[in-house]
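K.L.:
My questions all concern the structure below.
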Amino acid sequence: MSTEEEIAKLVDTIKGFKPGGALKSCITHITFPKFKNIEPGTTVTFDFALTALVGANGIGKSSVLHALWGAPFGYSTSKFWFATELDPIEGSQKDPQRFFYGHWSEPYNGVVETRKARIGKKRGSDYWEPYRSSTRDGMQPLPAGKFEGKAKDRWNPVKRTCVYINLKTTFGSFDRYFYFDDGISGGDKREAMLREAKRLKQIVLDDRKSYKLGGGRERVFENRLLTEDELIHVSRILGREYQSARLVRHSLYPGNRGQDLSVVFHRGTQYSEAFAGSGEIAAVSAVVQILNAPPGSLILLDEPETSLHPGAQRVLLRFLLERIKHDKHQVVVSTHSMEFLRSLPQNAIKVFEDNGTGRSRILPQSSPSAALKRLGKPPENIRRVLVEDPIAAILVEHAAKGLDPGDAEALEVRIAPGGADAILAYFGPSAMVSGDDVFVLLDGDKRKVQEFSDPLHVPPARYPELEELLKQETGVKPVLHIPGGTDQAGHDTAKIRAQLEYLRWLREHLSYLPKGTPEHVILEALDPGKGHEGKNSGEAKKAFKAYLAQGLDVTLNSDDIVGLAKVTIAKVPRDNPEIGAIREKLEAWLHS
């Protein structure tokens, strides 16, 4: 099974994970009455176990991650956000910075809400503590009765492990010392780096779990080979096979710098993170942290695409989905990458945008292309829709105006010369062979059957009838691309295969307008009660031409009709049922 097939299967499985079911202590939503630059009252819902936050730099994605980090019991947002002389935090005891969130409570058997606020009474001004429930902030009232986790005036925070992985700041010890330390030039660091590399090599060779220098301070905090499971996932993400990899957390380089990360890889030859790519370090760091997270953890990833090529990003997404399925984690990622958005349900994609007053609002769902359109990225895959004539094209384009701007930009409507018969006989088979993103929307009066036959349910005994079956269901004999040659048996087999494949293509790529013609749709919307629904195609076109003339004794040529039709069709309400049906079909094709 390919990576894409596995991702699709995992997404379908995880769609069934619900609060109180597979997701025991999940956070269902978070609301911001007053928090940084987020529009007051904004709520982010977590409808899928993996949520992607998408938006421009500085729009508030990391702020939401920081709030989520501070949500569980024992965690505080002050780890990431605290006041300084340069950047004070606006707020008071009566109106503090705050958020509240919903989470599943087993004792209550439902979703409860907990509020955390920057009160600062006990442990300094940046202390965030659980705060009494407030219906004025939009919280649900506290229920009567006693439940575990419920205090007199609030619900206690959810208890779960939180793992925060910031791939933007994940560096190996070599890069961290060489590029980011205190203004010392690279050449001046050479002696220290040679000395510490020698010590690190000895620590690796001796498998030392402890190493102390002057002052007796411990310099080695972890020294081990990656487990087989960790190594397998790192290899998959990076697309290369490693015989082994050793992880060493240490503080060998000069300065009191906390913990550095070194990784010694073995892949035919042995090399350290000094010669490894930054993507290798990022993959090791992410895999180790996620595999070692307890089941049911809240895992937050800030820009996981950093240092990973597109293929590796897709495999990392698959890995995250696998861990959700296996360990019932909840994952929230901040990303700018299409590779982390493709295949996700629309309600898993939350888009951040400026509300026009310098604050951020958050849209509850979006398609991947629409989300990235807001970042200035043009759509990658243009979907073309073929129609029979200019009136149909104008009508479909009018329906498309109700789509999200990113989706609308990914759509192109074209008129196919030759009409429905040419589309079904020639264009369809060619598009099937080429694999182009082409879809067909024909007039409703061309429909022969309510639904095309499913090729999977056509028994072999009926294969000789496939040509007639296609003619009955399309009205034409399609010109299929079948290999020639003198091998009659091979030719017959290829013909059957092409006929079955065309049935599949028709089911996925062809649909019909909800009325007999586009003129029927327009007349019934703008000139109702005149019996237009009973007219045949020719009569509807004649009535539409008369409607455009508005009773005037004028002769309209084809260009006149198209020009007037654009103005007239723009008057059809976008909530018209037929317009809505066309738009739903376009959305289905865009997101297929």
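To be explicit about the labels: the chains of the structure tokens are called A, B, and onward in the order shown, and within each one the residues are counted from 1, while ligands get numbers from 1 in the order they are shown.
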Give the strand (DSSP E) residues of stretch 138-364 of chain A, as DSSP finds them on the backbone, and put them as an MDAnalysis selection string.

P.N.:
chainID A and resid 162:166 220:225 244:250 260:267 269:272 298:302 330:335 349:354 360:363

K.L.:
Pull N, CA and C atoms from the residues just selected and write them as a short mmCIF file (atom, residue, chain, number, x, y, z; two decimals), in the first residue's frame.

P.N.:
data_model
loop_
_atom_site.label_atom_id
_atom_site.label_comp_id
_atom_site.auth_asym_id
_atom_site.auth_seq_id
_atom_site.Cartn_x
_atom_site.Cartn_y
_atom_site.Cartn_z
N CYS A 162 1.63 16.69 27.96
CA CYS A 162 1.71 17.59 26.81
C CYS A 162 3.14 17.55 26.27
N VAL A 163 3.28 17.37 24.97
CA VAL A 163 4.59 17.32 24.31
C VAL A 163 4.63 18.44 23.27
N TYR A 164 5.59 19.35 23.41
CA TYR A 164 5.72 20.48 22.49
C TYR A 164 7.00 20.28 21.68
N ILE A 165 6.86 20.22 20.36
CA ILE A 165 8.01 20.00 19.47
C ILE A 165 8.09 21.17 18.50
N ASN A 166 9.12 21.97 18.63
CA ASN A 166 9.32 23.12 17.76
C ASN A 166 10.44 22.79 16.79
N VAL A 220 26.42 14.41 30.77
CA VAL A 220 25.72 13.48 29.89
C VAL A 220 24.39 13.12 30.53
N PHE A 221 23.32 13.34 29.82
CA PHE A 221 21.98 13.12 30.36
C PHE A 221 21.29 11.92 29.73
N GLU A 222 21.70 11.57 28.53
CA GLU A 222 21.14 10.40 27.87
C GLU A 222 22.14 9.94 26.82
N ASN A 223 22.36 8.64 26.75
CA ASN A 223 23.28 8.07 25.78
C ASN A 223 22.79 6.68 25.44
N ARG A 224 22.19 6.52 24.28
CA ARG A 224 21.61 5.22 23.92
C ARG A 224 21.44 5.11 22.42
N LEU A 225 21.37 3.88 21.97
CA LEU A 225 21.00 3.62 20.58
C LEU A 225 19.50 3.81 20.41
N SER A 244 22.09 1.94 12.30
CA SER A 244 21.90 2.32 13.70
C SER A 244 22.01 3.83 13.81
N ALA A 245 21.58 4.34 14.94
CA ALA A 245 21.75 5.76 15.26
C ALA A 245 21.81 5.86 16.78
N ARG A 246 22.77 6.62 17.26
CA ARG A 246 22.94 6.78 18.70
C ARG A 246 22.62 8.22 19.09
N LEU A 247 21.78 8.36 20.09
CA LEU A 247 21.37 9.67 20.58
C LEU A 247 22.11 9.98 21.87
N VAL A 248 22.71 11.18 21.93
CA VAL A 248 23.41 11.62 23.13
C VAL A 248 22.95 13.03 23.48
N ARG A 249 22.37 13.17 24.68
CA ARG A 249 22.02 14.50 25.18
C ARG A 249 23.10 14.89 26.19
N HIS A 250 23.67 16.06 25.99
CA HIS A 250 24.85 16.41 26.80
C HIS A 250 24.99 17.91 26.90
N ASP A 260 22.36 19.78 24.89
CA ASP A 260 22.56 19.71 23.46
C ASP A 260 22.18 18.31 22.97
N LEU A 261 21.90 18.21 21.69
CA LEU A 261 21.55 16.92 21.09
C LEU A 261 22.60 16.55 20.05
N SER A 262 23.21 15.39 20.24
CA SER A 262 24.11 14.83 19.23
C SER A 262 23.55 13.49 18.78
N VAL A 263 23.69 13.19 17.51
CA VAL A 263 23.25 11.91 16.97
C VAL A 263 24.38 11.37 16.09
N VAL A 264 24.76 10.14 16.35
CA VAL A 264 25.79 9.48 15.54
C VAL A 264 25.09 8.44 14.69
N PHE A 265 25.09 8.66 13.38
CA PHE A 265 24.39 7.79 12.44
C PHE A 265 25.35 6.75 11.87
N HIS A 266 24.82 5.58 11.54
CA HIS A 266 25.59 4.56 10.83
C HIS A 266 24.76 4.12 9.63
N ARG A 267 25.25 4.47 8.45
CA ARG A 267 24.56 4.11 7.21
C ARG A 267 25.62 3.79 6.16
N THR A 269 28.60 4.11 6.36
CA THR A 269 29.68 4.76 7.10
C THR A 269 29.08 5.43 8.33
N GLN A 270 29.93 5.80 9.27
CA GLN A 270 29.47 6.44 10.49
C GLN A 270 29.74 7.93 10.42
N TYR A 271 28.78 8.74 10.84
CA TYR A 271 28.98 10.18 10.86
C TYR A 271 28.08 10.78 11.94
N SER A 272 28.50 11.94 12.43
CA SER A 272 27.74 12.61 13.50
C SER A 272 26.84 13.67 12.91
N LEU A 298 -1.24 15.02 24.51
CA LEU A 298 -1.50 16.17 23.64
C LEU A 298 -0.17 16.55 23.02
N ILE A 299 -0.04 16.37 21.71
CA ILE A 299 1.23 16.61 21.01
C ILE A 299 1.08 17.85 20.13
N LEU A 300 1.94 18.83 20.36
CA LEU A 300 1.90 20.10 19.65
C LEU A 300 3.16 20.24 18.82
N LEU A 301 3.03 20.47 17.53
CA LEU A 301 4.18 20.61 16.64
C LEU A 301 4.14 21.96 15.95
N ASP A 302 5.21 22.71 16.09
CA ASP A 302 5.33 24.02 15.46
C ASP A 302 6.16 23.88 14.19
N GLN A 330 -3.84 13.23 20.72
CA GLN A 330 -4.42 14.38 20.03
C GLN A 330 -3.26 15.23 19.55
N VAL A 331 -3.26 15.58 18.26
CA VAL A 331 -2.13 16.29 17.66
C VAL A 331 -2.62 17.61 17.07
N VAL A 332 -1.89 18.67 17.34
CA VAL A 332 -2.17 19.98 16.73
C VAL A 332 -0.87 20.48 16.12
N VAL A 333 -0.90 20.84 14.85
CA VAL A 333 0.30 21.32 14.17
C VAL A 333 0.05 22.72 13.62
N SER A 334 1.08 23.54 13.69
CA SER A 334 1.10 24.83 13.01
C SER A 334 1.93 24.65 11.75
N THR A 335 1.39 25.00 10.59
CA THR A 335 2.11 24.68 9.36
C THR A 335 1.78 25.66 8.24
N ILE A 349 -8.77 21.70 9.35
CA ILE A 349 -7.91 22.79 8.91
C ILE A 349 -8.49 24.11 9.40
N LYS A 350 -7.76 24.81 10.27
CA LYS A 350 -8.21 26.07 10.84
C LYS A 350 -7.35 27.20 10.26
N VAL A 351 -8.00 28.19 9.66
CA VAL A 351 -7.28 29.25 8.96
C VAL A 351 -7.31 30.54 9.78
N PHE A 352 -6.13 31.13 9.98
CA PHE A 352 -5.98 32.39 10.70
C PHE A 352 -5.87 33.52 9.69
N GLU A 353 -6.61 34.60 9.93
CA GLU A 353 -6.49 35.77 9.06
C GLU A 353 -6.76 37.04 9.86
N ASP A 354 -6.28 38.16 9.35
CA ASP A 354 -6.47 39.44 10.01
C ASP A 354 -7.93 39.87 9.86
N SER A 360 -6.57 38.74 15.09
CA SER A 360 -6.69 37.53 14.28
C SER A 360 -8.03 36.85 14.53
N ARG A 361 -8.68 36.50 13.44
CA ARG A 361 -9.85 35.64 13.55
C ARG A 361 -9.48 34.29 12.96
N ILE A 362 -10.25 33.27 13.33
CA ILE A 362 -9.90 31.90 12.95
C ILE A 362 -11.12 31.26 12.31
N LEU A 363 -10.97 30.86 11.05
CA LEU A 363 -12.06 30.22 10.32
C LEU A 363 -12.14 28.75 10.72
#

K.L.:
Considering only alpha helix (DSSP H) as DSSP defines it on the backbone, what residues of stretch 233-389 of chain A qualify? List them as a count of residues only.

P.N.:
44

K.L.:
Between A:Glu519, A:Pro429, A:Asp527, A:Asp95, which residue has the minimum interatomic distance to A:Leu480, considering only C-alpha atoms?

P.N.:
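Counting only C-alpha atoms, the residue closest to A:Leu480 is A:Pro429.
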
K.L.:
Need the shell around A:Ile423: protein/DNA/RNA residues with any atom at most 10 Å away, counting only C-alpha atoms. Skip same-chain ones fewer than 6 positions apart. Format as an MDAnalysis selection string?

P.N.:
chainID A and resid 386:388 416:417 429:431 440 442 476 478

K.L.:
Suppose you want the space between atom CA of A:His103 and atom CA of A:Lys24; what is it in Å?

P.N.:
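Between atom CA of A:His103 and atom CA of A:Lys24 the gap works out to 8.9 Å.
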
K.L.:
I'd like the neighbourhood of A:Leu441 as number ranges by chain, where a residue qualifies if any of its atoms comes within 7 Å (using only C-alpha atoms), though same-chain residues fewer than 3 positions away should be ignored.

P.N.:
A: 385-387, 510-513

K.L.:
Which residues are near stretch 148-153 of chain A? Cut-off 8 Å, only C-alpha atoms, ignore same chain within fewer than 6 positions. Put them as a list in words.

P.N.:
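Near neighbours after the sequence-gap exclusion: Pro107, Tyr108, Arg132, Ser133 and Leu142 of chain A.
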
K.L.:
Would you pick out the contacts of stretch 492-500 of chain A at 10 Å or less, using only C-alpha atoms, so that residues sharing its chain but fewer than 5 positions from it are not included, and give the list as a PyMOL selection string?

P.N.:
chain A and resi 429+432-433+453-456+458+460+463-467+469-470+478-484+487+505

K.L.:
Nearest to A:Arg374: which of A:Asp407, A:Glu524, A:Gly444, A:Lys401 is it, counting only C-alpha atoms?

P.N.:
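Selected residue with least distance to A:Arg374: A:Asp407.
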
K.L.:
Quick one: of A:Glu4, A:Asp389, A:Asp559, A:Glu412, who's nearest to A:Asp443, counting only C-alpha atoms?

P.N.:
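Under the stated criterion, the closest residue is A:Asp389.
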
K.L.:
Just how far from atom CA of A:Ser235 is atom CA of A:Glu280, in Å to one decimal?

P.N.:
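Computed distance, atom CA of A:Glu280 to atom CA of A:Ser235, equals 9.3 Å.
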
K.L.:
Have a look at atom CA of A:Lys34 and atom CA of A:Gly74 and let me know their distance in Å, one decimal.

P.N.:
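Separating atom CA of A:Lys34 from atom CA of A:Gly74 is a distance of 21.7 Å.
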
K.L.:
A:Leu344, A:Leu424, A:Ala144, A:Val112: which is nearest A:Lys477, counting only C-alpha atoms?

P.N.:
A:Leu424
